[in-house]
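To start, the structure itself, in structure tokens.
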Amino acid sequence: MKKLLLGALLPVILFSCNSARKYELVKFQGLAQGTYYSVSYFDAKGRNFQVAIDSLLNAFNHSLSLWEPSSIISRINRNEPGVAVDELFRTVYIKAREVAKHTNGAFDYSVGPLVNAWGFGFTDRMKLSPEKIDSLMQLVGYETIKLVGNTIIKANPGSAIDFNAIAKGYAVDVVGKFIEKKGITRFIVDIGGEVFASQRKPDGDKWKVGVEKPAANAFDERNLKIVLSLENEAIATSGNYRRYYEEDGVRYAHTIDPSTGYPVLHSLLSASVLAKDCMTADAYATAFMVMGTEKAREFVQSNPGIEAFFIFSDQQGDIQTWASPGFEKKIVEQFD
Ligand code: AMP
Ligand code: MG
């Protein structure tokens with residue numbers, strides 16, 4: 001949830017037209033989960049729900065943030081006795097387990113000890129030897145962490161849960177549901193680049209969302225690779241070009257391959273996924289970064305209903321893209 005840098009999606013929110021006049025556009029930004037959030041909606045009454053949304057996002061951190069020592073997830077990771085999970089935790093756990101199973105462990109919420117060891121969590125990077133990685137690998141395996149009733153049971157007390165690859169997406173869904181409950185049907189929610197776009201804007205246009213071009217360096221300017229037109233749909237992107245570190249000319253991304261214990265090192269630069277909800281999109285986007293270009297493409301092709309877009313480098317080091325047919329249909333602009 002802590003993001004050193006912003007996510008890889010840039011919503012391009014365009015408003016126009018007379019028919020929008022009876023609605024007021026309400027728009028605000030803030031900070032959540034170590035990144036920015038941005039909410040826009042059309043409301044006939046022009047109500048502003050920022051304070052309520054901020055407290056919703058705080059409640060979220062209280063359950064799922066690894067950077068909050070008193071959160072439910074932190075207390076479970078420290079093996080405090082008698083910690084009961086709440087509904088947010090339960091929902092994320094169920095989806096995380098489903099995706100872990102479906103991706104054959106490419107997505108694995110038990111990577112916590114490795115994420116910390118590699119310096120992508122809340123601790124500094126350790127001195128890592130192959131032996132140290134082997135010993136941390138003994139702690140990894142999503143099936144060893146189970147939810148029984150309201151309690152998490154770990155087969156290994158040293159194991160630790162990391163929901164950072166899915167929690168931001170779920171926060172988007174929770175904020176979206178909150179807005180809907182207020183009777184607002186035309187809105188877009190973006191948390192650090194994970195987005196849900198509702199039904200069309202009052203002018204009849206769908207929402208426009210951009211996917212960022214891979215950047216050579218973490219602080220490079222943001223440019224768009226594609227723009228999509230979305231309606232009642234979520235998109236999430238995972239990339240290796242905003243959070244990484246370099247050592248001896250090798251770039252280590254913050255995605256860990258749970259089958260090796262090492263950060264992934266391959267040609268896939270970013271994976272964007274469309275889904276009905278943002279939590280699902282977020283989890284699969286991370287899983288695809290683990291699989292790499294070829295395996296992820298095969299996975300998408302053999303799982304109808306999952307639509308994805310990959311940016312990867314070819315053998316000459318040139319940037320290439322691939323979109324599944326359902327994703328392709330939604331692209332309205334493409335840049336070199
Ligand atoms: P995302 O930006 O959604 O791809 O999430 C990346 C974050 O998920 C990392 O910073 C880690 O905290 C965590 N993570 C890394 N590797 C994995 C993995 N294989 N499965 C699940 N979570 C992971
Ligand atoms: Mg993710």
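Quick note on naming: the chains in the structure tokens go A, B, ... in the order shown, residues restart at 1 in each chain, and ligands are numbered from 1 in order of appearance.
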
- Query: Can you list, as number ranges by chain, every protein, DNA or RNA residue that comes within 6 Å of region 159-173 of chain A when you count only C-alpha atoms, leaving out same-chain residues fewer than 4 positions away?
  - Reply: A: 1, 77, 109-110, 112, 139, 194, 278-279, 282-283

- Message: At a cut-off of 9 Å and counting only C-alpha atoms and all ligand atoms, what residues surround ligand 1? Please answer as number ranges by chain.
- Response: A: 1-3, 7, 96, 100, 105-112, 114-116, 120-121, 162-169, 194, 236-240, 243, 253-259, 263-264, 271, 282-290

- Task: Go through A:Val83, A:Met126, A:Ala155, A:Leu64 and flag the residue nearest Gln138 (chain A), using only C-alpha atoms for the distances.
- Result: A:Ala155

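Among A:Ala308, A:Ile76, A:Val140, A:Val273, the residue with the shortest atom-to-atom distance to ligand 2, counting only C-alpha atoms and all ligand atoms, is A:Val273.
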
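The coordinates place CA of Asn61 (chain A) at 23.7 Å from CA of Arg125 (chain A).
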
- Task: Check region 15-76 of chain A with DSSP on the backbone and list each residue it calls alpha helix (DSSP H), as a ChimeraX atom specification.
- Result: /A:50-64,72-76

Output file for the selection above: N, CA, C and O atoms, as a CSV table (one decimal), in the first residue's frame:
chain,number,residue,atom,x,y,z
A,50,GLN,N,-15.9,14.2,0.6
A,50,GLN,CA,-14.5,13.9,0.8
A,50,GLN,C,-14.2,13.5,2.3
A,50,GLN,O,-13.5,12.6,2.5
A,51,VAL,N,-14.8,14.2,3.2
A,51,VAL,CA,-14.6,13.8,4.6
A,51,VAL,C,-14.9,12.4,4.9
A,51,VAL,O,-14.2,11.6,5.5
A,52,ALA,N,-16.1,12.0,4.4
A,52,ALA,CA,-16.6,10.6,4.7
A,52,ALA,C,-15.7,9.6,4.0
A,52,ALA,O,-15.4,8.5,4.5
A,53,ILE,N,-15.2,10.0,2.8
A,53,ILE,CA,-14.4,9.0,2.0
A,53,ILE,C,-13.0,8.9,2.7
A,53,ILE,O,-12.4,7.8,2.8
A,54,ASP,N,-12.5,10.0,3.2
A,54,ASP,CA,-11.2,10.0,4.0
A,54,ASP,C,-11.4,9.0,5.2
A,54,ASP,O,-10.5,8.2,5.4
A,55,SER,N,-12.5,9.1,5.8
A,55,SER,CA,-12.6,8.2,7.0
A,55,SER,C,-12.8,6.8,6.6
A,55,SER,O,-12.3,5.8,7.3
A,56,LEU,N,-13.4,6.6,5.5
A,56,LEU,CA,-13.6,5.2,4.9
A,56,LEU,C,-12.2,4.6,4.6
A,56,LEU,O,-11.9,3.5,4.9
A,57,LEU,N,-11.3,5.5,4.0
A,57,LEU,CA,-10.0,5.0,3.6
A,57,LEU,C,-9.1,4.8,4.9
A,57,LEU,O,-8.3,3.9,4.9
A,58,ASN,N,-9.4,5.6,5.9
A,58,ASN,CA,-8.7,5.3,7.2
A,58,ASN,C,-9.1,4.0,7.8
A,58,ASN,O,-8.2,3.3,8.3
A,59,ALA,N,-10.4,3.7,7.8
A,59,ALA,CA,-10.8,2.4,8.3
A,59,ALA,C,-10.2,1.3,7.5
A,59,ALA,O,-9.8,0.2,8.1
A,60,PHE,N,-10.0,1.5,6.3
A,60,PHE,CA,-9.3,0.5,5.4
A,60,PHE,C,-7.9,0.2,5.9
A,60,PHE,O,-7.5,-0.9,6.0
A,61,ASN,N,-7.2,1.3,6.2
A,61,ASN,CA,-5.8,1.2,6.6
A,61,ASN,C,-5.8,0.4,8.0
A,61,ASN,O,-4.9,-0.3,8.2
A,62,HIS,N,-6.8,0.7,8.8
A,62,HIS,CA,-6.8,0.1,10.1
A,62,HIS,C,-6.9,-1.5,10.0
A,62,HIS,O,-6.5,-2.2,10.8
A,63,SER,N,-7.5,-1.9,8.9
A,63,SER,CA,-7.6,-3.4,8.6
A,63,SER,C,-6.4,-3.9,7.9
A,63,SER,O,-5.8,-4.9,8.3
A,64,LEU,N,-6.0,-3.2,6.8
A,64,LEU,CA,-5.1,-3.9,5.8
A,64,LEU,C,-3.7,-3.3,5.6
A,64,LEU,O,-3.0,-3.8,4.8
A,72,ILE,N,-5.1,-4.7,11.7
A,72,ILE,CA,-5.4,-6.1,11.9
A,72,ILE,C,-4.3,-7.0,11.2
A,72,ILE,O,-3.8,-7.9,11.8
A,73,ILE,N,-3.9,-6.6,10.0
A,73,ILE,CA,-2.9,-7.4,9.3
A,73,ILE,C,-1.6,-7.4,10.0
A,73,ILE,O,-0.9,-8.4,10.1
A,74,SER,N,-1.2,-6.2,10.5
A,74,SER,CA,0.1,-6.2,11.2
A,74,SER,C,0.1,-7.0,12.5
A,74,SER,O,1.0,-7.7,12.8
A,75,ARG,N,-1.1,-7.0,13.2
A,75,ARG,CA,-1.2,-7.8,14.4
A,75,ARG,C,-1.2,-9.2,14.1
A,75,ARG,O,-0.6,-10.0,14.9
A,76,ILE,N,-1.8,-9.6,13.0
A,76,ILE,CA,-1.8,-11.1,12.7
A,76,ILE,C,-0.4,-11.5,12.3
A,76,ILE,O,0.1,-12.5,12.7

- Run DSSP on the backbone and grab whatever in region 151-225 of chain A lands in strand (DSSP E or B); send it over as a PyMOL selection string. chain A and resi 151-154+187-191+194-197+207-212+224-225

Got time to write the residues from that selection, N, CA, C and O atoms, as a PDB file, in the first residue's frame?
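Saved the output as out-v2.pdb:
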ATOM      1  N   THR A 151     -10.611 -16.142  12.346  1.00  0.00           N
ATOM      2  CA  THR A 151      -9.203 -16.120  12.751  1.00  0.00           C
ATOM      3  C   THR A 151      -8.301 -16.645  11.643  1.00  0.00           C
ATOM      4  O   THR A 151      -8.634 -17.621  10.969  1.00  0.00           O
ATOM      5  N   ILE A 152      -7.154 -16.000  11.507  1.00  0.00           N
ATOM      6  CA  ILE A 152      -6.146 -16.507  10.569  1.00  0.00           C
ATOM      7  C   ILE A 152      -5.285 -17.529  11.301  1.00  0.00           C
ATOM      8  O   ILE A 152      -4.775 -17.265  12.398  1.00  0.00           O
ATOM      9  N   ILE A 153      -5.160 -18.702  10.681  1.00  0.00           N
ATOM     10  CA  ILE A 153      -4.298 -19.749  11.250  1.00  0.00           C
ATOM     11  C   ILE A 153      -3.101 -19.918  10.321  1.00  0.00           C
ATOM     12  O   ILE A 153      -3.262 -20.215   9.137  1.00  0.00           O
ATOM     13  N   LYS A 154      -1.901 -19.711  10.883  1.00  0.00           N
ATOM     14  CA  LYS A 154      -0.691 -19.881  10.085  1.00  0.00           C
ATOM     15  C   LYS A 154      -0.015 -21.183  10.463  1.00  0.00           C
ATOM     16  O   LYS A 154       0.189 -21.452  11.647  1.00  0.00           O
ATOM     17  N   PHE A 187     -19.589   8.279 -11.872  1.00  0.00           N
ATOM     18  CA  PHE A 187     -18.410   8.639 -11.082  1.00  0.00           C
ATOM     19  C   PHE A 187     -17.186   7.870 -11.569  1.00  0.00           C
ATOM     20  O   PHE A 187     -17.299   6.867 -12.283  1.00  0.00           O
ATOM     21  N   ILE A 188     -16.017   8.368 -11.186  1.00  0.00           N
ATOM     22  CA  ILE A 188     -14.777   7.644 -11.434  1.00  0.00           C
ATOM     23  C   ILE A 188     -13.914   7.759 -10.182  1.00  0.00           C
ATOM     24  O   ILE A 188     -13.826   8.825  -9.576  1.00  0.00           O
ATOM     25  N   VAL A 189     -13.342   6.624  -9.776  1.00  0.00           N
ATOM     26  CA  VAL A 189     -12.486   6.589  -8.582  1.00  0.00           C
ATOM     27  C   VAL A 189     -11.117   6.080  -9.012  1.00  0.00           C
ATOM     28  O   VAL A 189     -11.024   5.073  -9.725  1.00  0.00           O
ATOM     29  N   ASP A 190     -10.079   6.751  -8.570  1.00  0.00           N
ATOM     30  CA  ASP A 190      -8.709   6.371  -8.926  1.00  0.00           C
ATOM     31  C   ASP A 190      -7.863   6.392  -7.658  1.00  0.00           C
ATOM     32  O   ASP A 190      -7.765   7.425  -6.998  1.00  0.00           O
ATOM     33  N   ILE A 191      -7.306   5.265  -7.285  1.00  0.00           N
ATOM     34  CA  ILE A 191      -6.355   5.264  -6.162  1.00  0.00           C
ATOM     35  C   ILE A 191      -5.021   4.770  -6.702  1.00  0.00           C
ATOM     36  O   ILE A 191      -4.878   3.591  -7.066  1.00  0.00           O
ATOM     37  N   GLU A 194      -5.195   2.672  -9.852  1.00  0.00           N
ATOM     38  CA  GLU A 194      -6.214   1.625  -9.981  1.00  0.00           C
ATOM     39  C   GLU A 194      -7.554   2.359 -10.048  1.00  0.00           C
ATOM     40  O   GLU A 194      -7.831   3.235  -9.222  1.00  0.00           O
ATOM     41  N   VAL A 195      -8.366   2.016 -11.050  1.00  0.00           N
ATOM     42  CA  VAL A 195      -9.518   2.868 -11.385  1.00  0.00           C
ATOM     43  C   VAL A 195     -10.810   2.054 -11.537  1.00  0.00           C
ATOM     44  O   VAL A 195     -10.782   0.945 -12.079  1.00  0.00           O
ATOM     45  N   PHE A 196     -11.903   2.640 -11.075  1.00  0.00           N
ATOM     46  CA  PHE A 196     -13.223   2.124 -11.462  1.00  0.00           C
ATOM     47  C   PHE A 196     -13.994   3.263 -12.115  1.00  0.00           C
ATOM     48  O   PHE A 196     -14.088   4.353 -11.557  1.00  0.00           O
ATOM     49  N   ALA A 197     -14.545   2.990 -13.299  1.00  0.00           N
ATOM     50  CA  ALA A 197     -15.355   3.981 -14.007  1.00  0.00           C
ATOM     51  C   ALA A 197     -16.793   3.479 -14.052  1.00  0.00           C
ATOM     52  O   ALA A 197     -17.042   2.353 -14.475  1.00  0.00           O
ATOM     53  N   TRP A 207     -16.126   7.126 -19.835  1.00  0.00           N
ATOM     54  CA  TRP A 207     -14.964   7.711 -19.152  1.00  0.00           C
ATOM     55  C   TRP A 207     -13.700   7.333 -19.914  1.00  0.00           C
ATOM     56  O   TRP A 207     -13.576   6.217 -20.411  1.00  0.00           O
ATOM     57  N   LYS A 208     -12.772   8.271 -19.941  1.00  0.00           N
ATOM     58  CA  LYS A 208     -11.490   7.995 -20.615  1.00  0.00           C
ATOM     59  C   LYS A 208     -10.401   7.780 -19.571  1.00  0.00           C
ATOM     60  O   LYS A 208     -10.245   8.592 -18.654  1.00  0.00           O
ATOM     61  N   VAL A 209      -9.656   6.690 -19.746  1.00  0.00           N
ATOM     62  CA  VAL A 209      -8.579   6.372 -18.809  1.00  0.00           C
ATOM     63  C   VAL A 209      -7.326   6.047 -19.618  1.00  0.00           C
ATOM     64  O   VAL A 209      -7.397   5.299 -20.604  1.00  0.00           O
ATOM     65  N   GLY A 210      -6.199   6.598 -19.225  1.00  0.00           N
ATOM     66  CA  GLY A 210      -4.958   6.355 -19.957  1.00  0.00           C
ATOM     67  C   GLY A 210      -4.061   5.357 -19.258  1.00  0.00           C
ATOM     68  O   GLY A 210      -4.040   5.277 -18.030  1.00  0.00           O
ATOM     69  N   VAL A 211      -3.329   4.579 -20.036  1.00  0.00           N
ATOM     70  CA  VAL A 211      -2.283   3.700 -19.482  1.00  0.00           C
ATOM     71  C   VAL A 211      -0.936   4.330 -19.831  1.00  0.00           C
ATOM     72  O   VAL A 211      -0.683   4.682 -20.981  1.00  0.00           O
ATOM     73  N   GLU A 212      -0.112   4.428 -18.808  1.00  0.00           N
ATOM     74  CA  GLU A 212       1.172   5.122 -18.954  1.00  0.00           C
ATOM     75  C   GLU A 212       2.172   4.324 -19.790  1.00  0.00           C
ATOM     76  O   GLU A 212       2.188   3.096 -19.755  1.00  0.00           O
ATOM     77  N   LEU A 224       1.417   8.968 -21.982  1.00  0.00           N
ATOM     78  CA  LEU A 224       0.454   7.891 -22.177  1.00  0.00           C
ATOM     79  C   LEU A 224       0.845   6.980 -23.337  1.00  0.00           C
ATOM     80  O   LEU A 224       1.381   7.434 -24.345  1.00  0.00           O
ATOM     81  N   LYS A 225       0.566   5.712 -23.172  1.00  0.00           N
ATOM     82  CA  LYS A 225       0.742   4.755 -24.275  1.00  0.00           C
ATOM     83  C   LYS A 225      -0.595   4.575 -25.005  1.00  0.00           C
ATOM     84  O   LYS A 225      -0.648   4.548 -26.223  1.00  0.00           O
TER      85      LYS A 225
END

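Of the listed residues (A:Ser272, A:Thr91, A:Ser129, A:Ser70), A:Ser272 comes nearest to Ser324 (chain A); the distances count only C-alpha atoms.
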